[in-house]
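Student: So here's upload_5.cif, just mmCIF, C-alpha atoms and all ligand atoms:
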data_run
#
loop_
_atom_site.label_atom_id
_atom_site.label_comp_id
_atom_site.auth_asym_id
_atom_site.auth_seq_id
_atom_site.Cartn_x
_atom_site.Cartn_y
_atom_site.Cartn_z
CA MET A 1396 0.00 0.00 0.00
CA GLU A 1397 1.45 3.31 -1.05
CA LEU A 1398 1.65 5.88 1.74
CA LEU A 1399 0.59 9.48 1.23
CA THR A 1400 2.66 12.51 2.17
CA ILE A 1401 1.11 14.84 4.73
CA GLY A 1402 0.33 17.31 1.92
CA ALA A 1403 -1.53 14.73 -0.17
CA PHE A 1404 -3.33 13.37 2.88
CA ALA A 1405 -4.33 16.89 3.96
CA ARG A 1406 -5.84 17.56 0.53
CA ALA A 1407 -7.68 14.25 0.49
CA SER A 1408 -9.03 14.57 4.05
CA ARG A 1409 -9.75 18.33 3.88
CA LEU A 1410 -7.78 18.83 7.08
CA SER A 1411 -4.90 21.30 7.22
CA GLN A 1412 -1.34 20.04 7.69
CA LYS A 1413 -1.21 22.01 10.92
CA ALA A 1414 -4.36 20.22 12.17
CA LEU A 1415 -2.86 16.84 11.18
CA ARG A 1416 0.28 17.59 13.20
CA ILE A 1417 -1.83 18.54 16.23
CA TYR A 1418 -4.00 15.42 15.89
CA ASP A 1419 -0.82 13.34 15.76
CA GLU A 1420 0.51 14.95 18.93
CA LEU A 1421 -2.81 14.25 20.66
CA GLY A 1422 -2.82 10.62 19.56
CA LEU A 1423 -6.05 11.23 17.66
CA LEU A 1424 -4.70 10.47 14.20
CA PRO A 1425 -1.09 9.24 14.27
CA PRO A 1426 0.52 8.80 10.83
CA ALA A 1427 1.05 5.24 9.58
CA ARG A 1428 4.78 5.88 9.47
CA VAL A 1429 7.26 8.63 10.30
CA ASP A 1430 10.34 8.68 8.09
CA PRO A 1431 13.23 8.15 10.52
CA LEU A 1432 15.61 10.32 8.50
CA SER A 1433 13.47 13.25 7.39
CA GLY A 1434 10.83 13.09 10.16
CA TYR A 1435 8.12 13.39 7.48
CA ARG A 1436 4.73 12.03 8.41
CA LEU A 1437 3.24 9.47 6.01
CA TYR A 1438 -0.38 8.34 6.03
CA ALA A 1439 -2.10 5.21 4.74
CA PRO A 1440 -5.10 5.70 2.37
CA ASP A 1441 -7.28 3.66 4.73
CA GLN A 1442 -6.77 6.35 7.41
CA LEU A 1443 -8.87 8.72 5.30
CA ASP A 1444 -12.15 7.52 6.75
CA ARG A 1445 -11.06 8.35 10.28
CA ALA A 1446 -9.58 11.67 9.16
CA ARG A 1447 -12.83 12.69 7.47
CA LEU A 1448 -14.84 11.69 10.53
CA VAL A 1449 -12.55 13.88 12.64
CA ALA A 1450 -13.11 16.77 10.21
CA TRP A 1451 -16.91 16.37 10.39
CA LEU A 1452 -16.92 16.12 14.19
CA ARG A 1453 -14.80 19.28 14.37
CA ARG A 1454 -17.47 21.04 12.30
CA LEU A 1455 -19.98 20.06 14.99
CA GLY A 1456 -17.75 21.82 17.53
CA MET A 1457 -16.99 18.58 19.38
CA PRO A 1458 -13.95 18.86 21.66
CA LEU A 1459 -10.89 16.84 20.54
CA ALA A 1460 -10.89 14.61 23.62
CA ARG A 1461 -14.44 13.53 22.86
CA ILE A 1462 -13.64 13.05 19.15
CA ARG A 1463 -10.92 10.59 20.11
CA GLN A 1464 -13.48 8.71 22.19
CA VAL A 1465 -15.99 8.62 19.30
CA CYS A 1466 -13.35 7.47 16.78
CA ASP A 1467 -12.49 4.50 18.98
CA LEU A 1468 -16.12 3.29 19.15
CA ASP A 1469 -17.82 0.97 16.71
CA ALA A 1470 -20.26 2.64 14.30
CA ALA A 1471 -23.44 2.02 16.34
CA ALA A 1472 -21.91 3.25 19.60
CA ALA A 1473 -20.35 6.23 17.80
CA ALA A 1474 -23.75 7.16 16.37
CA GLU A 1475 -25.24 7.00 19.86
CA ASP A 1476 -22.46 9.19 21.25
CA VAL A 1477 -22.91 11.82 18.51
CA ARG A 1478 -26.66 11.90 19.29
CA ALA A 1479 -25.99 12.29 23.01
CA TYR A 1480 -23.43 15.03 22.33
CA TRP A 1481 -25.88 16.96 20.17
CA ALA A 1482 -28.73 16.62 22.67
CA GLN A 1483 -26.40 18.17 25.26
CA VAL A 1484 -25.47 21.01 22.89
CA GLU A 1485 -29.15 21.74 22.26
CA ALA A 1486 -29.96 21.69 25.96
CA ASP A 1487 -27.08 24.10 26.64
CA THR A 1488 -28.19 26.34 23.79
CA THR A 1489 -31.74 26.44 25.14
CA ALA A 1490 -30.46 27.36 28.59
CA ARG A 1491 -28.29 30.12 27.11
CA ARG A 1492 -31.14 31.41 24.94
CA ASN A 1493 -33.43 31.58 27.98
CA LEU A 1494 -30.75 33.40 29.93
CA ALA A 1495 -30.31 35.90 27.07
CA VAL A 1496 -34.08 36.58 26.98
CA PHE A 1497 -34.13 36.90 30.75
CA LEU A 1498 -31.20 39.33 30.79
CA ALA A 1499 -32.65 41.46 27.99
CA ASP A 1500 -35.95 41.58 29.90
CA HIS A 1501 -34.18 42.35 33.11
CA LEU A 1502 -32.18 45.21 31.62
CA SER A 1503 -35.09 46.78 29.74
CA ARG A 1504 -37.33 46.66 32.80
CA LYS A 1505 -34.59 48.13 34.96
CA ASP A 1506 -34.99 51.16 32.71
CA THR A 1507 -38.77 51.44 33.25
CA GLN A 1508 -38.29 50.91 36.98
CA MET A 1509 -35.98 53.90 36.97
CA SER A 1510 -38.59 56.06 35.23
CA GLY A 1511 -40.75 55.43 38.27
CA GLU A 1512 -43.83 53.63 36.92
CA ALA A 1513 -43.92 50.62 39.17
CA PRO A 1514 -47.45 49.69 40.15
CA SER A 1515 -47.65 47.26 43.04
CA PHE A 1516 -50.14 44.52 43.68
CA GLY A 1517 -51.24 42.58 46.67
CA ILE A 1518 -51.56 38.81 46.65
CA ARG A 1519 -54.33 36.62 48.01
CA TYR A 1520 -52.95 33.16 48.44
CA ALA A 1521 -53.40 29.70 49.90
CA MET A 1522 -51.31 26.54 49.97
CA ARG A 1523 -52.26 22.95 50.66
CA THR A 1524 -50.13 19.83 50.72
CA ASP A 1525 -51.37 16.28 51.19
CA ARG A 1526 -49.81 12.84 51.52
CA GLY A 1527 -52.37 11.30 49.19
CA LEU A 1528 -53.77 7.80 49.62
CA VAL A 1529 -50.84 5.57 48.62
CA ARG A 1530 -47.51 7.06 49.74
CA GLU A 1531 -46.30 6.48 53.30
CA SER A 1532 -45.02 10.00 53.79
CA ASN A 1533 -45.39 13.41 52.22
CA GLN A 1534 -42.17 14.35 50.43
CA ASP A 1535 -43.67 17.49 48.89
CA SER A 1536 -43.04 20.88 50.46
CA GLY A 1537 -44.78 24.14 49.72
CA TYR A 1538 -44.71 27.77 50.72
CA ALA A 1539 -47.07 30.67 50.18
CA GLY A 1540 -46.32 34.19 51.40
CA ALA A 1541 -47.03 37.75 50.31
CA ARG A 1542 -44.06 37.81 47.92
CA LEU A 1543 -43.02 34.20 47.46
CA LEU A 1544 -44.84 31.09 46.31
CA ALA A 1545 -42.97 27.81 46.02
CA VAL A 1546 -43.41 24.08 45.52
CA ALA A 1547 -40.79 21.34 45.88
CA ASP A 1548 -41.38 17.64 45.19
CA GLY A 1549 -38.77 15.47 46.88
CA PHE A 1550 -37.77 12.00 45.75
CA GLY A 1551 -35.65 9.16 47.11
CA ALA A 1552 -35.14 8.13 50.73
CA GLY A 1553 -34.31 11.71 51.73
CA GLY A 1554 -36.99 13.36 49.62
CA GLU A 1555 -38.83 14.83 52.56
CA PRO A 1556 -35.97 16.73 54.29
CA VAL A 1557 -34.43 17.66 50.95
CA SER A 1558 -37.59 19.31 49.58
CA ALA A 1559 -38.04 21.12 52.91
CA ALA A 1560 -34.40 22.32 52.80
CA ALA A 1561 -34.86 23.66 49.26
CA ILE A 1562 -37.97 25.64 50.27
CA ASP A 1563 -36.24 26.93 53.43
CA ALA A 1564 -33.40 28.25 51.32
CA LEU A 1565 -35.86 30.30 49.26
CA THR A 1566 -37.78 31.92 52.12
CA PRO A 1567 -35.47 35.00 52.34
CA LEU A 1568 -37.08 35.93 48.99
CA ASP A 1569 -40.34 36.58 50.83
CA ALA A 1570 -39.21 40.17 51.45
CA ALA A 1571 -39.11 43.46 49.57
CA ILE A 1572 -36.59 42.96 46.75
CA PRO A 1573 -35.83 45.94 44.47
CA ALA A 1574 -36.90 44.97 40.95
CA GLY A 1575 -33.39 45.59 39.63
CA ASP A 1576 -32.04 42.95 42.03
CA LEU A 1577 -34.57 40.25 41.20
CA LEU A 1578 -32.27 38.33 38.84
CA ASN A 1579 -29.40 38.14 41.31
CA ALA A 1580 -31.72 37.41 44.23
CA LEU A 1581 -33.30 34.48 42.38
CA SER A 1582 -29.98 33.11 41.27
CA ASP A 1583 -28.53 33.41 44.81
CA ALA A 1584 -31.60 31.68 46.23
CA VAL A 1585 -31.29 28.72 43.85
CA HIS A 1586 -27.63 28.49 44.72
CA ARG A 1587 -28.51 28.42 48.43
CA ALA A 1588 -31.10 25.70 47.76
CA GLU A 1589 -28.54 23.70 45.78
CA THR A 1590 -26.02 24.01 48.61
CA ALA A 1591 -28.59 23.11 51.27
CA VAL A 1592 -29.60 19.97 49.36
CA GLY A 1593 -25.94 19.06 48.73
CA GLU A 1594 -25.05 19.46 52.42
CA HIS A 1595 -27.99 17.35 53.47
CA LEU A 1596 -27.03 14.54 51.09
CA ALA A 1597 -23.37 14.68 52.12
CA ALA A 1598 -24.35 14.42 55.80
CA ASP A 1599 -26.53 11.37 55.31
CA PRO A 1600 -25.19 8.62 53.02
CA ALA A 1601 -28.51 6.77 53.29
CA HIS A 1602 -30.07 9.66 51.39
CA GLN A 1603 -27.75 9.46 48.39
CA GLY A 1604 -29.67 9.63 45.14
CA SER A 1605 -32.40 11.76 46.66
CA GLY A 1606 -33.33 15.15 45.31
CA THR A 1607 -36.14 17.55 44.69
CA THR A 1608 -37.85 19.70 42.11
CA LEU A 1609 -38.16 23.41 42.84
CA THR A 1610 -40.57 25.87 41.26
CA ALA A 1611 -41.14 29.34 42.66
CA LEU A 1612 -42.59 32.76 41.87
CA VAL A 1613 -41.30 35.96 43.46
CA TRP A 1614 -42.96 39.37 43.18
CA SER A 1615 -41.27 42.73 43.04
CA GLY A 1616 -43.56 45.61 42.12
CA SER A 1617 -45.12 44.80 38.74
CA GLN A 1618 -42.50 42.14 38.00
CA LEU A 1619 -42.68 38.50 38.66
CA GLY A 1620 -39.58 36.31 38.74
CA LEU A 1621 -40.00 32.62 37.97
CA VAL A 1622 -37.44 29.98 38.84
CA HIS A 1623 -37.98 26.37 37.84
CA VAL A 1624 -36.18 23.03 38.00
CA GLY A 1625 -37.93 19.70 37.47
CA ASP A 1626 -41.53 18.74 36.77
CA SER A 1627 -43.59 20.76 39.20
CA ARG A 1628 -45.61 23.32 37.25
CA VAL A 1629 -47.00 26.82 37.15
CA TYR A 1630 -50.30 27.57 35.42
CA LEU A 1631 -51.63 31.07 34.78
CA LEU A 1632 -55.33 31.90 34.54
CA ARG A 1633 -55.57 35.16 32.58
CA GLY A 1634 -58.50 36.55 30.64
CA GLY A 1635 -60.48 33.36 31.31
CA GLU A 1636 -57.84 31.11 29.73
CA LEU A 1637 -55.50 28.71 31.47
CA PHE A 1638 -51.86 28.61 30.33
CA ARG A 1639 -49.08 26.36 31.52
CA ILE A 1640 -46.01 28.59 31.84
CA THR A 1641 -43.32 26.11 32.88
CA HIS A 1642 -41.61 23.45 30.79
CA ASP A 1643 -41.14 20.04 32.46
CA HIS A 1644 -37.53 18.92 32.71
CA THR A 1645 -38.42 15.31 31.99
CA VAL A 1646 -37.48 12.62 29.52
CA VAL A 1647 -41.05 12.48 28.17
CA GLN A 1648 -41.21 16.25 27.68
CA SER A 1649 -38.04 16.09 25.57
CA LEU A 1650 -39.62 13.26 23.53
CA ILE A 1651 -42.69 15.49 23.04
CA ASP A 1652 -40.42 18.38 22.02
CA GLU A 1653 -38.72 16.11 19.46
CA GLY A 1654 -42.12 15.09 18.09
CA LYS A 1655 -41.61 11.46 19.13
CA LEU A 1656 -44.50 11.41 21.61
CA THR A 1657 -47.86 13.18 21.88
CA GLU A 1658 -49.10 14.90 25.06
CA GLU A 1659 -51.75 12.15 25.35
CA GLU A 1660 -49.20 9.33 25.06
CA ALA A 1661 -47.00 11.07 27.61
CA GLN A 1662 -49.73 11.02 30.25
CA SER A 1663 -49.57 7.24 30.54
CA HIS A 1664 -45.87 6.81 29.70
CA PRO A 1665 -44.18 4.52 32.25
CA GLN A 1666 -41.15 6.82 32.45
CA ARG A 1667 -43.07 10.07 32.76
CA SER A 1668 -41.56 10.90 36.15
CA ILE A 1669 -37.91 10.56 35.09
CA LEU A 1670 -36.37 13.98 35.55
CA LEU A 1671 -33.65 15.52 33.41
CA ARG A 1672 -33.04 18.31 35.90
CA ALA A 1673 -33.50 18.42 39.68
CA LEU A 1674 -31.72 19.65 42.78
CA HIS A 1675 -29.69 16.62 43.82
CA GLY A 1676 -26.39 17.94 45.07
CA ALA A 1677 -24.75 18.88 41.76
CA THR A 1678 -24.83 22.25 40.01
CA VAL A 1679 -28.09 22.74 38.18
CA GLU A 1680 -29.19 25.13 35.45
CA PRO A 1681 -32.61 26.45 36.47
CA ASP A 1682 -35.06 28.11 34.08
CA LEU A 1683 -35.25 31.77 35.05
CA GLU A 1684 -37.84 34.15 33.66
CA LEU A 1685 -39.21 37.60 34.34
CA ARG A 1686 -42.91 38.15 33.71
CA GLU A 1687 -45.31 41.03 33.82
CA ALA A 1688 -47.71 40.87 36.76
CA ARG A 1689 -51.26 41.96 35.96
CA PRO A 1690 -54.11 42.48 38.41
CA GLY A 1691 -56.69 39.77 37.92
CA ASP A 1692 -54.07 37.10 37.18
CA ARG A 1693 -54.43 33.85 39.08
CA TYR A 1694 -51.45 31.52 39.47
CA LEU A 1695 -51.45 27.85 40.34
CA LEU A 1696 -48.21 26.15 41.40
CA CYS A 1697 -48.42 22.41 41.84
CA SER A 1698 -46.51 19.17 42.09
CA ASP A 1699 -47.10 16.35 39.58
CA GLY A 1700 -49.42 14.70 42.13
CA LEU A 1701 -52.06 17.20 40.96
CA TYR A 1702 -51.74 17.30 37.18
CA ASN A 1703 -51.17 13.56 36.78
CA VAL A 1704 -54.61 12.99 38.32
CA VAL A 1705 -56.69 16.07 37.52
CA PRO A 1706 -56.98 16.92 33.80
CA MET A 1707 -56.28 20.45 32.59
CA GLU A 1708 -59.97 21.12 31.75
CA THR A 1709 -60.90 20.39 35.37
CA LEU A 1710 -58.07 22.60 36.68
CA HIS A 1711 -59.39 25.33 34.39
CA ARG A 1712 -62.94 24.91 35.65
CA VAL A 1713 -62.03 24.90 39.36
CA LEU A 1714 -59.69 27.88 39.02
CA SER A 1715 -62.36 29.84 37.11
CA GLU A 1716 -65.27 28.98 39.37
CA VAL A 1717 -63.86 28.90 42.90
CA ASP A 1718 -63.07 32.46 43.93
CA ASP A 1719 -61.49 31.95 47.34
CA PRO A 1720 -57.87 30.64 47.03
CA GLU A 1721 -58.25 28.60 50.24
CA GLN A 1722 -61.38 26.91 48.89
CA ALA A 1723 -59.69 26.40 45.50
CA VAL A 1724 -56.69 24.49 46.91
CA ARG A 1725 -59.00 22.43 49.11
CA THR A 1726 -61.16 21.51 46.09
CA LEU A 1727 -58.09 20.55 44.03
CA VAL A 1728 -56.72 18.27 46.75
CA GLU A 1729 -60.16 16.67 47.20
CA LEU A 1730 -60.27 15.96 43.45
CA VAL A 1731 -56.86 14.27 43.69
CA ASN A 1732 -58.00 12.14 46.62
CA SER A 1733 -61.19 11.11 44.86
CA GLY A 1734 -58.99 10.18 41.88
CA GLY A 1735 -57.00 7.72 44.01
CA ALA A 1736 -54.14 10.11 44.99
CA PRO A 1737 -51.24 7.82 43.99
CA ASP A 1738 -48.68 10.53 44.81
CA ASN A 1739 -48.22 13.39 47.26
CA VAL A 1740 -49.90 16.56 46.12
CA THR A 1741 -49.16 20.22 46.73
CA CYS A 1742 -51.05 23.21 45.31
CA VAL A 1743 -50.58 26.93 45.77
CA VAL A 1744 -53.18 29.31 44.37
CA ALA A 1745 -52.51 33.04 44.31
CA ASP A 1746 -54.53 35.98 42.99
CA LEU A 1747 -53.03 39.35 42.09
CA VAL A 1748 -55.20 42.07 43.48
CA PRO A 1749 -54.66 45.85 43.27
CA ALA A 1750 -52.87 47.11 46.38
CA SER A 1751 -55.33 48.71 48.77
MG MG A 1801 -44.69 13.95 42.92
#
Give the structure from this file in structure tokens form.
Tutor:
Amino acid sequence: MELLTIGAFARASRLSQKALRIYDELGLLPPARVDPLSGYRLYAPDQLDRARLVAWLRRLGMPLARIRQVCDLDAAAAAEDVRAYWAQVEADTTARRNLAVFLADHLSRKDTQMSGEAPSFGIRYAMRTDRGLVRESNQDSGYAGARLLAVADGFGAGGEPVSAAAIDALTPLDAAIPAGDLLNALSDAVHRAETAVGEHLAADPAHQGSGTTLTALVWSGSQLGLVHVGDSRVYLLRGGELFRITHDHTVVQSLIDEGKLTEEEAQSHPQRSILLRALHGATVEPDLELREARPGDRYLLCSDGLYNVVPMETLHRVLSEVDDPEQAVRTLVELVNSGGAPDNVTCVVADLVPAS
């Protein structure tokens, strides 16, 4: 077999000679032979396939260390690894896009805050949490205050203390926060929750593998900050319509997003509770969002114990018909219990009312 010079191989593989030298040094694509006298690198024609794969993977932006890993796999495993890599890139891009939208919002509203038009609202609220009819303990935690509403759904042996620790870490947000500080306050609070969960898990080895979801709303003047990790949800009743405003961080939601599963199929999917993001001791990327608060808005925060049992049309009906938040959360929990209550359930209902 005739060997190719580095120049010929570079042309054939569409990689530069400089790149080929670097890939040699990294052990990614060593030449078939190095001339002992001249030091020239010589390549075999059957190395072209690998070289072209390297070139394509570089175009994807894959780091060299990972490319080496992919090149050493058989075709099926390599395909799987490329898919996994790209799913991660897309998830990171989504997180960065959300952060960009959040920051742009944050900065533009900082401007209006400065011009002084910051109407304030009061909140009428109620929270109810229930063990349900099947589980031995209630691993959900909830909080409802004048400026903070939160739900956490713990899982694993330590689910109960971990969800409580996450909510505890948020409670300093139930205070007057200048609108311009909302972003940093939310981010600090999630970090505190993350640390609290991590410390709890480190202190109790029996609780390894436990974690919690965390979904919260914080008010500051006419702004509403939303922080969300996991599959608890926020719904908004506005103008008579009910909207879901959080995106579940679950395997089934990503299958829905990819068009591989319908919402209906997802409801009975055996893996519907597998989370892609949760507070479980490692750093987590929460969804952060700023929203406009409007008088007349009604918010529902809930754990999956509610929406897995009570269909959206029924949520819509109860939230539209039952005026008193306390009565509304009681009705929702009763509906869950009459539906068999296979999981813990937590609901927070809050109405935005003009400040008196
Ligand atoms: Mg649950």
Student: To check your reading of the model: which residues sit at most 10 Å from ligand MG 1801 (chain A) when counting all atoms listed in the file? Write the answer as an MDAnalysis selection string.
Tutor: chainID A and resid 1533:1535 1547:1550 1607:1608 1626:1627 1668 1697:1703 1737:1741
Student: Would you compute the distance between CA of His1602 (chain A) and CA of Pro1556 (chain A)? Give it in Å to one decimal.
Tutor: 9.7 Å
Student: Report the distance between CA of Val1557 (chain A) and CA of His1595 (chain A) in Å, rounded to one decimal place.
Tutor: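 If I compute the distance from CA of Val1557 (chain A) to CA of His1595 (chain A), I get 6.9 Å.
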Student: Would you mind telling me which residue in A:Glu1721, A:Glu1589, A:Glu1729, A:Glu1653 lies nearest to Arg1526 (chain A) when using all atoms listed in the file?
Tutor: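 Nearest to Arg1526 (chain A): A:Glu1729.
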Student: Which is closer to Val1705 (chain A) than all the others in A:Ser1433, A:Gly1734, A:Glu1687, A:Asp1682, using all atoms listed in the file?
Tutor: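 Of the candidates, the smallest distance to Val1705 (chain A) is held by A:Gly1734.
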Student: One number please: CA of Ile1572 (chain A) to CA of Ser1615 (chain A), in Å, one decimal.
Tutor: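 CA of Ser1615 (chain A) lies at a distance of 6.0 Å from CA of Ile1572 (chain A).
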Student: Can you sort out region 1717-1727 of chain A so it carries all heavy atoms, written as a short mmCIF file (atom, residue, chain, number, x, y, z; two decimals), in the frame of the given file?
Tutor:
data_model
loop_
_atom_site.label_atom_id
_atom_site.label_comp_id
_atom_site.auth_asym_id
_atom_site.auth_seq_id
_atom_site.Cartn_x
_atom_site.Cartn_y
_atom_site.Cartn_z
N VAL A 1717 -64.00 28.76 41.44
CA VAL A 1717 -63.86 28.90 42.90
C VAL A 1717 -63.05 30.15 43.21
O VAL A 1717 -61.84 30.21 42.95
CB VAL A 1717 -63.17 27.63 43.50
CG1 VAL A 1717 -63.11 27.75 45.02
CG2 VAL A 1717 -63.91 26.38 43.08
N ASP A 1718 -63.71 31.15 43.76
CA ASP A 1718 -63.07 32.46 43.93
C ASP A 1718 -62.03 32.47 45.05
O ASP A 1718 -60.93 32.99 44.89
CB ASP A 1718 -64.16 33.50 44.20
CG ASP A 1718 -63.54 34.87 44.38
OD1 ASP A 1718 -62.86 35.32 43.44
OD2 ASP A 1718 -63.71 35.47 45.46
N ASP A 1719 -62.37 31.87 46.17
CA ASP A 1719 -61.49 31.95 47.34
C ASP A 1719 -60.29 31.00 47.16
O ASP A 1719 -60.48 29.80 46.95
CB ASP A 1719 -62.31 31.55 48.58
CG ASP A 1719 -61.45 31.51 49.83
OD1 ASP A 1719 -60.49 32.29 49.91
OD2 ASP A 1719 -61.71 30.65 50.70
N PRO A 1720 -59.04 31.51 47.24
CA PRO A 1720 -57.87 30.64 47.03
C PRO A 1720 -57.84 29.44 47.98
O PRO A 1720 -57.49 28.33 47.57
CB PRO A 1720 -56.68 31.56 47.29
CG PRO A 1720 -57.19 32.94 47.06
CD PRO A 1720 -58.64 32.91 47.43
N GLU A 1721 -58.25 29.68 49.24
CA GLU A 1721 -58.25 28.60 50.24
C GLU A 1721 -59.20 27.48 49.80
O GLU A 1721 -58.86 26.29 49.84
CB GLU A 1721 -58.71 29.19 51.59
CG GLU A 1721 -58.59 28.25 52.76
CD GLU A 1721 -57.15 27.85 53.05
OE1 GLU A 1721 -56.30 28.75 53.22
OE2 GLU A 1721 -56.86 26.62 53.09
N GLN A 1722 -60.38 27.88 49.36
CA GLN A 1722 -61.38 26.91 48.89
C GLN A 1722 -60.87 26.22 47.61
O GLN A 1722 -61.07 25.02 47.42
CB GLN A 1722 -62.70 27.65 48.64
CG GLN A 1722 -63.85 26.75 48.24
CD GLN A 1722 -64.13 25.66 49.27
OE1 GLN A 1722 -64.15 25.92 50.48
NE2 GLN A 1722 -64.30 24.42 48.82
N ALA A 1723 -60.18 26.97 46.77
CA ALA A 1723 -59.69 26.40 45.50
C ALA A 1723 -58.66 25.29 45.77
O ALA A 1723 -58.75 24.20 45.19
CB ALA A 1723 -59.08 27.50 44.63
N VAL A 1724 -57.70 25.54 46.66
CA VAL A 1724 -56.69 24.49 46.91
C VAL A 1724 -57.33 23.28 47.58
O VAL A 1724 -56.97 22.14 47.30
CB VAL A 1724 -55.47 25.00 47.73
CG1 VAL A 1724 -54.64 25.97 46.92
CG2 VAL A 1724 -55.85 25.58 49.07
N ARG A 1725 -58.33 23.55 48.44
CA ARG A 1725 -59.00 22.43 49.11
C ARG A 1725 -59.73 21.57 48.06
O ARG A 1725 -59.64 20.35 48.07
CB ARG A 1725 -59.99 22.96 50.16
CG ARG A 1725 -60.35 21.90 51.18
CD ARG A 1725 -61.22 22.44 52.31
NE ARG A 1725 -60.68 23.64 52.91
CZ ARG A 1725 -61.42 24.72 53.22
NH1 ARG A 1725 -62.71 24.75 52.96
NH2 ARG A 1725 -60.86 25.77 53.79
N THR A 1726 -60.43 22.24 47.14
CA THR A 1726 -61.16 21.51 46.09
C THR A 1726 -60.19 20.68 45.24
O THR A 1726 -60.46 19.52 44.92
CB THR A 1726 -61.92 22.51 45.19
OG1 THR A 1726 -62.74 23.32 46.02
CG2 THR A 1726 -62.77 21.78 44.16
N LEU A 1727 -59.05 21.28 44.88
CA LEU A 1727 -58.09 20.55 44.03
C LEU A 1727 -57.57 19.30 44.74
O LEU A 1727 -57.48 18.22 44.13
CB LEU A 1727 -56.94 21.48 43.63
CG LEU A 1727 -57.31 22.63 42.68
CD1 LEU A 1727 -56.15 23.60 42.50
CD2 LEU A 1727 -57.78 22.09 41.32
#
